[in-house]
Amino acid sequence: MSGTLTIGIFGPGKVGTAIARLAVAAGHRVEIAGSQRQESLQLLLDVLAPGAAQSRSVGTLAARSDLTILAVPFGRSVDLPYTSFSGRIIIDALNYWPAIDGVIAELDGIPQGTSEVIAARNPAARWVKSLNHLGYHDMDEHARPSSDPTRRAIAVASDDSDAKRFVSKFIDSVGFDPVDAGSLADGIHLQTGTAVFGRELSKAEFERMLVRPVSAAEPARRADAAA
Amino acid sequence: MQLGVYSFGSLARDPDSGRVATSAQATRNLLEAVKLADDVGLEYFGIGEHHTREMPASAAATILAGAATITRRIRLGSSVTVLSTEDPVRVFQQFATVDSLSNGRAEITAGRGSSIESFPLFGYNLQDYERLYEEKLDLLLTINREDPVTWMGTVRAGLDEAVIVPRPDSGHLAIWLGTGGNPQSSMRAGRLGLPVAYGIIGGIPARFAALTDLYRRSANASGFSNEHTRVSVGTPGFVGDDGPATRDAWWQEWFDTMASLGQIRGFPPPSRNSFDRDTSPGGALFVGSPEEIADRIIELHSHLGHMRHFLQMDFGTLPQRDFLRSIELLGTEVKPLVEAELGAEPAVVPA
Ligand SMILES: NC(=O)c1ccc[n+]([C@@H]2O[C@H](COP(=O)([O-])OP(=O)(O)OC[C@H]3O[C@@H](n4cnc5c(N)ncnc54)[C@H](OP(=O)(O)O)[C@@H]3O)[C@@H](O)[C@H]2O)c1
């Protein structure tokens with residue numbers, strides 16, 4: 001990748017700070033915005049993501065960053081300043097998780113993926129679904145240099161092939177193998193409850209499972225079957 | 001270092017007939033477990049709040065009130081009270097009652113809860129999550145601090161010089177803030193000068209050092225010294241006589257619970273590989289022999305400086321006798337090893 005990028009992260013929570021640590025370690029410039037008072041955000045970043053700078057708002061982030069990553073709870077994503085995302089590459093890392101977010105009427109029982117719903121809020125943004133299916137612990141523990149055979153995969157889905165390439169290089173730079181997961185609509189195969197969600201998979205394993213998506217709704221019954 | 005146990009209740013199976021306990025029997029089983037924990041010198045027993053068939057302990061204070069009258073030294077707490085869907089006035093009254101019955105041994109751990117079962121059950125809207133928690137925590141702390149209580153907010157009727165009794169003999173209840181790793185919660189605990197309880201069920205627990213650091217620095221920034229801060233840690237765990245045999249036996253219980261939870265929440269069942277990694281030194285599952293568990297608690301203490309470590313043992317349909325044996329080993333074998341290294345921790349939790 002052509003060197004250092006400016007990465008904007010909205011949501012200084014568990015996953016937002018984990019991505020920030022990865023990006024700082026990879027040499028990128030990182031800025032984070034949250035909803036809290038500036039002084040406490042600075043303390044949070046000093047401790048949890050040293051090297052990341054605070055930014056005033058998600059709008060500022062989108063304007064300044066090569067890549068902006070949304071990492072707030074799904075329910076919070078409704079009233080973001082979506083117009084400021086036009087023409088910008090935005091990674092949707094959010095999961096709709098009824099057991100945690102509660103049932104959101106807009107999403108209940110719809111055939112589309114959640115990323116399509118979010119993208120429809122501003123179709124002029126360059127939407128990419130990525131970084132949603134791996135737990136933040138795994139991001140912290142499993143980043144590896146590209147030569148490492150035990151590297152894990154992170155999927156990238158988008159309708160914008162340039163944006164997809166760009167994000168794939170970013171994923172590679174922070175220690176994971178990017179996997180092309182198709183269009184933004186195909187991103188539905190990366191959501192909670194799918195076969196790949198929350199799994200530690202190599203690139204080859206990941207690609208195999210995407211070709212033949214199996215529902216995780218029917219897990220092995222007995223422990224020995226999963227061993 | 002204080003050692004203890006926490007539980008959400010479980011439907012123990014009879015190892016001979018295979019029949020599982022009723023939820024009423026599960027409640028009585030818990031009382032037996034608390035009694036034994038006290039007898040073997042453990043310092044803490046926490047009862048969580050779940051509303052599922054598999055984990056039926058929904059009314060912690062009621063169980064703890066029963067435990068208060070049959071135990072002598074062990075501290076009795078909630079782990080956690082899902083404060084957002086409770087009335088803080090009632091929570092205070094119930095735990096102050098446990099405190100009275102136990103001569104000052106009650107504690108509350110107020111959390112947001114990792115599951116949302118209690119929201120529809122008690123008629124709350126999950127979209128109000130933040131506001132409910134923020135305001136109710138404020139009210140609970142106000143009741144603990146003031147007598148009579150005057151309070152205004154939006155999530156329930158205000159209070160004007162309200163008498164809220166009984167009052168704890170010591171003047172106040174120990175109230176912890178419970179969190180699973182969201183940074184804002186650590187900062188909130190620090191800012192409020194509250195002790196903080198981390199529930200760590202995955203990943204590498206030593207990594208929580210960044211959060212305990214954030215907690216202590218937030219406390220310092222609000223004028224609380226490090227002596228005032230307290231960190232406790234709850235993890236899954238189980239103690240058996242032989243390490244490998246214990247892990248093999250407990251794996252099935254862990255798998256059953258996580259697989260059925262995963263089905264509801266949309267994550268995959270655990271693999272034996274990940275279980276083996278998580279039960280190795282540095283992992284989040286404290287399952288093994290007394291020596292292994294003691295070593296791992298001591299090791300984690302060097303990272304987090306916690307003053308209490310408590311284990312959730314009764315996953316799946318773990319037979320009651322195995323649950324009791326693990327509690328016994330934690331008290332009689334793990335505790336002396338840990339204390340030899342770290343010393344005993346005074347019973348008092350400053351509020
Ligand atoms: N946890 C994971 O392992 C993981 C992995 C991949 C994807 N995700 C997804 O990423 C998103 C964030 O997850 P997370 O686990 O990082 O959550 P989290 O720790 O709760 O962090 C969310 C952050 O968003 C900010 N925020 C803004 N408005 C908020 C509100 N009304 N309520 C709560 N927080 C608010 C908070 O910072 P302020 O206090 O500054 O507002 C908070 O730090 C979710 O959609 C989740 O599904 C999570």
# chains A, B, ... in the order shown; residues from 1 in each chain; ligands from 1
call {"tool": "interface_residues", "arguments": {"of": "chain B", "to": "chain A", "cutoff": "7 Å", "atoms": "only C-alpha atoms", "output": "count of residues only"}}
result
19
call {"tool": "select_by_dssp", "arguments": {"residues": "chain A", "states": "alpha helix (DSSP H)", "output": "PyMOL selection string"}}
result
chain A and resi 14-25+38-48+58-64+98-101+114-119+136-142+161-173+203-211+223-226
call {"tool": "residues_around", "arguments": {"residues": "Gly87 in chain A", "least_positions_apart": "6", "cutoff": "9 Å", "atoms": "only C-alpha atoms", "output": "mmCIF file with C-alpha atoms, in the first residue's frame"}}
result
data_model
loop_
_atom_site.group_PDB
_atom_site.id
_atom_site.type_symbol
_atom_site.label_atom_id
_atom_site.label_comp_id
_atom_site.auth_asym_id
_atom_site.auth_seq_id
_atom_site.Cartn_x
_atom_site.Cartn_y
_atom_site.Cartn_z
ATOM 1 C CA ALA A 124 -23.272 8.473 -2.707
ATOM 2 C CA ALA A 125 -20.833 7.163 -0.094
ATOM 3 C CA ARG A 126 -18.398 4.387 -1.049
#
call {"tool": "closest_atom_pairs", "arguments": {"of": "chain B", "to": "ligand 1", "cutoff": "10 Å", "atoms": "only C-alpha atoms and all ligand atoms", "output": "CSV"}}
result
residue,atom,partner,partner_atom_place_in_ligand_line,distance
B:Gln127,CA,ligand 1,31 (N),8.6
B:Asp128,CA,ligand 1,31 (N),8.8
B:Tyr129,CA,ligand 1,32 (N),7.7
B:Glu130,CA,ligand 1,32 (N),6.0
B:Arg131,CA,ligand 1,31 (N),8.9
B:Gly180,CA,ligand 1,19 (O),9.1
B:Gly181,CA,ligand 1,19 (O),7.2
B:Asn182,CA,ligand 1,19 (O),4.3
B:Pro183,CA,ligand 1,43 (O),6.5
B:Gln184,CA,ligand 1,39 (O),5.8
B:Ser185,CA,ligand 1,39 (O),9.0
B:Met187,CA,ligand 1,39 (O),9.9
call {"tool": "residues_around", "arguments": {"residues": "Ile297 in chain B", "least_positions_apart": "2", "cutoff": "10 Å", "atoms": "only C-alpha atoms", "output": "list in words"}}
result
Met1, Leu3, Val233, Pro281, Gly282, Phe286, Glu292, Ile293, Ala294, Asp295, Glu299, Leu300, His301, Ser302, His306, Arg308, His309, Phe310, Val334 and Val338 of chain B
call {"tool": "select_by_dssp", "arguments": {"residues": "range 136-224 of chain A", "states": "strand (DSSP E)", "output": "MDAnalysis selection string"}}
result
chainID A and resid 153:158 177:180
call {"tool": "write_last_selection", "arguments": {"atoms": "C-alpha atoms", "output": "PDB file, in the first residue's frame"}}
result
ATOM      1  CA  ALA A 153      -8.893 -13.776   7.251  1.00  0.00           C
ATOM      2  CA  ILE A 154     -11.091 -10.681   7.300  1.00  0.00           C
ATOM      3  CA  ALA A 155     -13.752 -10.312   4.634  1.00  0.00           C
ATOM      4  CA  VAL A 156     -14.331  -7.260   2.475  1.00  0.00           C
ATOM      5  CA  ALA A 157     -17.618  -6.746   0.638  1.00  0.00           C
ATOM      6  CA  SER A 158     -18.492  -3.782  -1.551  1.00  0.00           C
ATOM      7  CA  ASP A 177      -5.597 -11.700   4.913  1.00  0.00           C
ATOM      8  CA  PRO A 178      -8.363  -9.879   3.056  1.00  0.00           C
ATOM      9  CA  VAL A 179     -11.025 -12.096   1.481  1.00  0.00           C
ATOM     10  CA  ASP A 180     -13.219 -10.821  -1.340  1.00  0.00           C
TER      11      ASP A 180
END
call {"tool": "residues_around", "arguments": {"residues": "Glu31 in chain A", "least_positions_apart": "3", "cutoff": "9 Å", "atoms": "only C-alpha atoms", "output": "list in words"}}
result
Thr6, Ile7, Gly8, Ile9, Phe10, Ala20, Ala52, Ala53, Gln54, Ser55, Leu61 and Ser65 of chain A
call {"tool": "residues_around", "arguments": {"residues": "range 34-37 of chain B", "least_positions_apart": "2", "cutoff": "12 Å", "atoms": "only C-alpha atoms", "output": "ChimeraX atom specification"}}
result
/B:3-7,9,27-32,39-47,63-77,310-311,320-321,323-332,335
call {"tool": "write_last_selection", "arguments": {"atoms": "N, CA and C atoms", "output": "compact mmCIF listing (two decimals), in the first residue's frame"}}
result
# COMPACT_ATOMS: atom_id res chain seq x y z
N LEU B 3 -10.92 -14.96 47.34
CA LEU B 3 -11.39 -15.90 46.32
C LEU B 3 -12.88 -16.17 46.52
N GLY B 4 -13.55 -16.44 45.44
CA GLY B 4 -14.98 -16.68 45.55
C GLY B 4 -15.57 -17.37 44.33
N VAL B 5 -16.89 -17.39 44.33
CA VAL B 5 -17.65 -18.12 43.33
C VAL B 5 -18.79 -17.21 42.87
N TYR B 6 -19.21 -17.35 41.63
CA TYR B 6 -20.47 -16.74 41.25
C TYR B 6 -21.26 -17.69 40.36
N SER B 7 -22.54 -17.48 40.32
CA SER B 7 -23.42 -18.41 39.60
C SER B 7 -24.69 -17.71 39.17
N GLY B 9 -27.18 -19.87 38.70
CA GLY B 9 -28.01 -21.05 38.88
C GLY B 9 -27.80 -22.00 37.72
N THR B 27 -32.37 -23.65 42.86
CA THR B 27 -32.29 -22.57 43.83
C THR B 27 -31.79 -23.10 45.18
N ARG B 28 -32.31 -24.24 45.58
CA ARG B 28 -31.84 -24.84 46.83
C ARG B 28 -30.37 -25.28 46.71
N ASN B 29 -30.00 -25.77 45.53
CA ASN B 29 -28.60 -26.17 45.32
C ASN B 29 -27.65 -25.00 45.54
N LEU B 30 -28.09 -23.82 45.11
CA LEU B 30 -27.24 -22.64 45.27
C LEU B 30 -26.98 -22.35 46.74
N LEU B 31 -28.02 -22.51 47.54
CA LEU B 31 -27.88 -22.24 48.96
C LEU B 31 -26.86 -23.20 49.59
N GLU B 32 -26.93 -24.45 49.16
CA GLU B 32 -25.96 -25.44 49.64
C GLU B 32 -24.54 -25.03 49.23
N ASP B 39 -18.05 -22.32 54.62
CA ASP B 39 -17.37 -23.29 55.49
C ASP B 39 -15.90 -23.47 55.12
N VAL B 40 -15.59 -23.44 53.83
CA VAL B 40 -14.20 -23.68 53.42
C VAL B 40 -13.39 -22.38 53.32
N GLY B 41 -13.97 -21.28 53.79
CA GLY B 41 -13.19 -20.05 53.93
C GLY B 41 -13.14 -19.15 52.72
N LEU B 42 -14.00 -19.39 51.73
CA LEU B 42 -14.03 -18.47 50.58
C LEU B 42 -14.65 -17.15 51.03
N GLU B 43 -14.24 -16.08 50.37
CA GLU B 43 -14.63 -14.75 50.85
C GLU B 43 -15.83 -14.14 50.15
N TYR B 44 -16.23 -14.71 49.00
CA TYR B 44 -17.27 -14.04 48.23
C TYR B 44 -18.14 -15.05 47.50
N PHE B 45 -19.44 -14.80 47.51
CA PHE B 45 -20.34 -15.56 46.64
C PHE B 45 -21.26 -14.57 45.94
N GLY B 46 -21.23 -14.60 44.63
CA GLY B 46 -22.07 -13.69 43.85
C GLY B 46 -23.16 -14.45 43.12
N ILE B 47 -24.34 -13.89 43.08
CA ILE B 47 -25.41 -14.51 42.32
C ILE B 47 -25.88 -13.53 41.26
N ILE B 63 -32.24 -15.07 47.32
CA ILE B 63 -31.36 -16.21 47.60
C ILE B 63 -30.31 -15.81 48.63
N LEU B 64 -29.76 -14.61 48.47
CA LEU B 64 -28.72 -14.16 49.39
C LEU B 64 -29.27 -13.94 50.80
N ALA B 65 -30.53 -13.57 50.89
CA ALA B 65 -31.14 -13.41 52.22
C ALA B 65 -31.19 -14.76 52.92
N GLY B 66 -31.53 -15.80 52.14
CA GLY B 66 -31.49 -17.14 52.69
C GLY B 66 -30.09 -17.51 53.12
N ALA B 67 -29.12 -17.18 52.28
CA ALA B 67 -27.73 -17.52 52.57
C ALA B 67 -27.22 -16.75 53.79
N ALA B 68 -27.71 -15.53 53.96
CA ALA B 68 -27.21 -14.68 55.05
C ALA B 68 -27.38 -15.36 56.41
N THR B 69 -28.47 -16.09 56.55
CA THR B 69 -28.79 -16.63 57.87
C THR B 69 -28.09 -17.96 58.15
N ILE B 70 -27.46 -18.55 57.13
CA ILE B 70 -26.78 -19.84 57.37
C ILE B 70 -25.27 -19.75 57.14
N THR B 71 -24.76 -18.52 56.97
CA THR B 71 -23.31 -18.35 56.78
C THR B 71 -22.79 -17.36 57.80
N ARG B 72 -21.45 -17.34 57.96
CA ARG B 72 -20.89 -16.48 59.01
C ARG B 72 -19.97 -15.38 58.49
N ARG B 73 -19.12 -15.71 57.53
CA ARG B 73 -18.11 -14.73 57.13
C ARG B 73 -18.17 -14.30 55.67
N ILE B 74 -18.65 -15.15 54.82
CA ILE B 74 -18.57 -14.90 53.38
C ILE B 74 -19.37 -13.66 52.98
N ARG B 75 -18.81 -12.87 52.06
CA ARG B 75 -19.54 -11.70 51.57
C ARG B 75 -20.50 -12.14 50.46
N LEU B 76 -21.68 -11.51 50.45
CA LEU B 76 -22.77 -11.97 49.59
C LEU B 76 -23.16 -10.86 48.63
N GLY B 77 -23.00 -11.13 47.34
CA GLY B 77 -23.26 -10.05 46.39
C GLY B 77 -24.06 -10.48 45.19
N PHE B 310 -13.14 -14.44 41.36
CA PHE B 310 -14.23 -15.39 41.60
C PHE B 310 -14.60 -16.12 40.32
N LEU B 311 -15.00 -17.37 40.50
CA LEU B 311 -15.17 -18.28 39.37
C LEU B 311 -16.63 -18.68 39.16
N GLN B 320 -24.25 -31.51 40.98
CA GLN B 320 -24.06 -30.71 42.18
C GLN B 320 -22.82 -31.15 42.96
N ARG B 321 -22.60 -32.45 43.02
CA ARG B 321 -21.46 -32.91 43.83
C ARG B 321 -20.14 -32.43 43.22
N PHE B 323 -19.82 -29.57 41.48
CA PHE B 323 -19.81 -28.14 41.81
C PHE B 323 -19.27 -27.96 43.23
N LEU B 324 -19.79 -28.76 44.15
CA LEU B 324 -19.37 -28.63 45.56
C LEU B 324 -17.90 -29.00 45.74
N ARG B 325 -17.47 -30.03 45.03
CA ARG B 325 -16.07 -30.45 45.14
C ARG B 325 -15.14 -29.32 44.67
N SER B 326 -15.53 -28.66 43.59
CA SER B 326 -14.71 -27.56 43.07
C SER B 326 -14.65 -26.40 44.06
N ILE B 327 -15.77 -26.11 44.68
CA ILE B 327 -15.80 -25.04 45.69
C ILE B 327 -14.88 -25.42 46.86
N GLU B 328 -14.97 -26.68 47.27
CA GLU B 328 -14.14 -27.15 48.38
C GLU B 328 -12.65 -26.99 48.05
N LEU B 329 -12.26 -27.43 46.85
CA LEU B 329 -10.85 -27.33 46.45
C LEU B 329 -10.40 -25.87 46.35
N LEU B 330 -11.29 -25.00 45.88
CA LEU B 330 -10.92 -23.58 45.78
C LEU B 330 -10.60 -23.04 47.18
N GLY B 331 -11.39 -23.45 48.16
CA GLY B 331 -11.17 -22.95 49.52
C GLY B 331 -10.02 -23.64 50.23
N THR B 332 -9.97 -24.96 50.14
CA THR B 332 -8.99 -25.69 50.95
C THR B 332 -7.62 -25.79 50.29
N LYS B 335 -6.79 -21.53 47.81
CA LYS B 335 -6.68 -20.34 48.68
C LYS B 335 -5.36 -20.29 49.46
call {"tool": "residues_around", "arguments": {"residues": "range 107-120 of chain A", "least_positions_apart": "2", "cutoff": "7 Å", "atoms": "only C-alpha atoms", "output": "JSON list (two decimals) with C-alpha atoms, in the first residue's frame"}}
result
[["chain", "number", "residue", "atom", "x", "y", "z"],
["A", 92, "ASP", "CA", -19.50, -0.49, 8.08],
["A", 103, "VAL", "CA", -35.30, -5.83, 17.99],
["A", 104, "ILE", "CA", -35.06, -2.91, 15.58],
["A", 105, "ALA", "CA", -38.27, -2.64, 13.59],
["A", 122, "ASN", "CA", -26.41, 7.79, 1.62],
["A", 123, "PRO", "CA", -25.91, 5.92, -1.67],
["A", 127, "TRP", "CA", -19.63, 1.69, 1.32],
["A", 129, "LYS", "CA", -18.61, -4.01, 4.79],
["A", 184, "LEU", "CA", -22.41, -5.20, -0.42],
["A", 185, "ALA", "CA", -25.56, -7.33, -0.74],
["A", 187, "GLY", "CA", -22.30, -8.96, 2.95],
["A", 188, "ILE", "CA", -25.36, -10.67, 4.40]]
call {"tool": "atom_distance", "arguments": {"atom1": "CA of Gly305 in chain B", "atom2": "CA of His142 in chain A"}}
result
25.8 Å
call {"tool": "decode", "arguments": {"residues": "range 216-228 of chain B", "atoms": "all heavy atoms", "output": "mmCIF file, in the first residue's frame"}}
result
data_model
loop_
_atom_site.group_PDB
_atom_site.id
_atom_site.type_symbol
_atom_site.label_atom_id
_atom_site.label_comp_id
_atom_site.auth_asym_id
_atom_site.auth_seq_id
_atom_site.Cartn_x
_atom_site.Cartn_y
_atom_site.Cartn_z
ATOM 1 N N ARG B 216 -7.996 3.312 37.003
ATOM 2 C CA ARG B 216 -7.263 3.980 38.085
ATOM 3 C C ARG B 216 -6.943 5.425 37.717
ATOM 4 O O ARG B 216 -7.028 6.327 38.548
ATOM 5 C CB ARG B 216 -5.995 3.198 38.418
ATOM 6 C CG ARG B 216 -6.308 1.820 39.031
ATOM 7 C CD ARG B 216 -5.084 1.129 39.637
ATOM 8 N NE ARG B 216 -5.479 -0.126 40.279
ATOM 9 C CZ ARG B 216 -5.362 -1.336 39.711
ATOM 10 N NH1 ARG B 216 -4.841 -1.461 38.498
ATOM 11 N NH2 ARG B 216 -5.763 -2.421 40.355
ATOM 12 N N ARG B 217 -6.599 5.648 36.459
ATOM 13 C CA ARG B 217 -6.282 7.023 36.060
ATOM 14 C C ARG B 217 -7.531 7.901 36.052
ATOM 15 O O ARG B 217 -7.454 9.094 36.374
ATOM 16 C CB ARG B 217 -5.568 7.021 34.713
ATOM 17 C CG ARG B 217 -4.132 6.500 34.881
ATOM 18 C CD ARG B 217 -3.417 6.278 33.578
ATOM 19 N NE ARG B 217 -3.223 7.499 32.811
ATOM 20 C CZ ARG B 217 -2.454 7.567 31.734
ATOM 21 N NH1 ARG B 217 -1.813 6.502 31.302
ATOM 22 N NH2 ARG B 217 -2.329 8.697 31.075
ATOM 23 N N SER B 218 -8.660 7.328 35.709
ATOM 24 C CA SER B 218 -9.906 8.099 35.782
ATOM 25 C C SER B 218 -10.233 8.430 37.230
ATOM 26 O O SER B 218 -10.710 9.533 37.536
ATOM 27 C CB SER B 218 -11.066 7.315 35.165
ATOM 28 O OG SER B 218 -10.799 7.009 33.823
ATOM 29 N N ALA B 219 -9.978 7.473 38.132
ATOM 30 C CA ALA B 219 -10.215 7.719 39.559
ATOM 31 C C ALA B 219 -9.288 8.829 40.051
ATOM 32 O O ALA B 219 -9.727 9.779 40.713
ATOM 33 C CB ALA B 219 -9.991 6.431 40.358
ATOM 34 N N ASN B 220 -8.018 8.740 39.704
ATOM 35 C CA ASN B 220 -7.057 9.768 40.113
ATOM 36 C C ASN B 220 -7.485 11.148 39.621
ATOM 37 O O ASN B 220 -7.412 12.132 40.361
ATOM 38 C CB ASN B 220 -5.655 9.463 39.556
ATOM 39 C CG ASN B 220 -5.053 8.157 40.090
ATOM 40 O OD1 ASN B 220 -4.165 7.586 39.478
ATOM 41 N ND2 ASN B 220 -5.551 7.673 41.230
ATOM 42 N N ALA B 221 -7.949 11.187 38.369
ATOM 43 C CA ALA B 221 -8.348 12.477 37.792
ATOM 44 C C ALA B 221 -9.538 13.080 38.533
ATOM 45 O O ALA B 221 -9.743 14.292 38.513
ATOM 46 C CB ALA B 221 -8.684 12.303 36.306
ATOM 47 N N SER B 222 -10.325 12.222 39.197
ATOM 48 C CA SER B 222 -11.456 12.727 39.977
ATOM 49 C C SER B 222 -11.109 12.867 41.452
ATOM 50 O O SER B 222 -12.001 13.037 42.292
ATOM 51 C CB SER B 222 -12.663 11.790 39.834
ATOM 52 O OG SER B 222 -13.128 11.812 38.522
ATOM 53 N N GLY B 223 -9.835 12.757 41.789
ATOM 54 C CA GLY B 223 -9.408 13.001 43.164
ATOM 55 C C GLY B 223 -9.398 11.777 44.060
ATOM 56 O O GLY B 223 -9.229 11.896 45.274
ATOM 57 N N PHE B 224 -9.579 10.588 43.500
ATOM 58 C CA PHE B 224 -9.514 9.360 44.311
ATOM 59 C C PHE B 224 -8.109 8.764 44.188
ATOM 60 O O PHE B 224 -7.590 8.619 43.089
ATOM 61 C CB PHE B 224 -10.546 8.337 43.846
ATOM 62 C CG PHE B 224 -11.964 8.815 43.948
ATOM 63 C CD1 PHE B 224 -12.657 9.229 42.818
ATOM 64 C CD2 PHE B 224 -12.608 8.867 45.183
ATOM 65 C CE1 PHE B 224 -13.964 9.686 42.906
ATOM 66 C CE2 PHE B 224 -13.924 9.317 45.283
ATOM 67 C CZ PHE B 224 -14.601 9.728 44.138
ATOM 68 N N SER B 225 -7.521 8.426 45.342
ATOM 69 C CA SER B 225 -6.170 7.864 45.307
ATOM 70 C C SER B 225 -6.234 6.399 44.901
ATOM 71 O O SER B 225 -7.288 5.764 44.921
ATOM 72 C CB SER B 225 -5.531 7.973 46.685
ATOM 73 O OG SER B 225 -6.187 7.087 47.577
ATOM 74 N N ASN B 226 -5.094 5.832 44.545
ATOM 75 C CA ASN B 226 -5.046 4.413 44.177
ATOM 76 C C ASN B 226 -5.477 3.510 45.330
ATOM 77 O O ASN B 226 -6.002 2.430 45.111
ATOM 78 C CB ASN B 226 -3.643 4.021 43.714
ATOM 79 C CG ASN B 226 -3.426 4.408 42.254
ATOM 80 O OD1 ASN B 226 -4.383 4.697 41.525
ATOM 81 N ND2 ASN B 226 -2.176 4.423 41.841
ATOM 82 N N GLU B 227 -5.231 3.971 46.582
ATOM 83 C CA GLU B 227 -5.642 3.156 47.734
ATOM 84 C C GLU B 227 -7.162 2.996 47.770
ATOM 85 O O GLU B 227 -7.682 2.041 48.318
ATOM 86 C CB GLU B 227 -5.185 3.787 49.055
ATOM 87 C CG GLU B 227 -3.689 3.705 49.331
ATOM 88 C CD GLU B 227 -2.872 4.556 48.358
ATOM 89 O OE1 GLU B 227 -3.148 5.769 48.248
ATOM 90 O OE2 GLU B 227 -1.978 3.997 47.687
ATOM 91 N N HIS B 228 -7.837 3.956 47.202
ATOM 92 C CA HIS B 228 -9.298 3.920 47.210
ATOM 93 C C HIS B 228 -9.842 2.974 46.139
ATOM 94 O O HIS B 228 -10.959 2.483 46.244
ATOM 95 C CB HIS B 228 -9.834 5.338 46.975
ATOM 96 C CG HIS B 228 -11.322 5.445 47.077
ATOM 97 N ND1 HIS B 228 -11.964 5.718 48.258
ATOM 98 C CD2 HIS B 228 -12.291 5.281 46.136
ATOM 99 C CE1 HIS B 228 -13.273 5.732 48.039
ATOM 100 N NE2 HIS B 228 -13.495 5.475 46.767
#
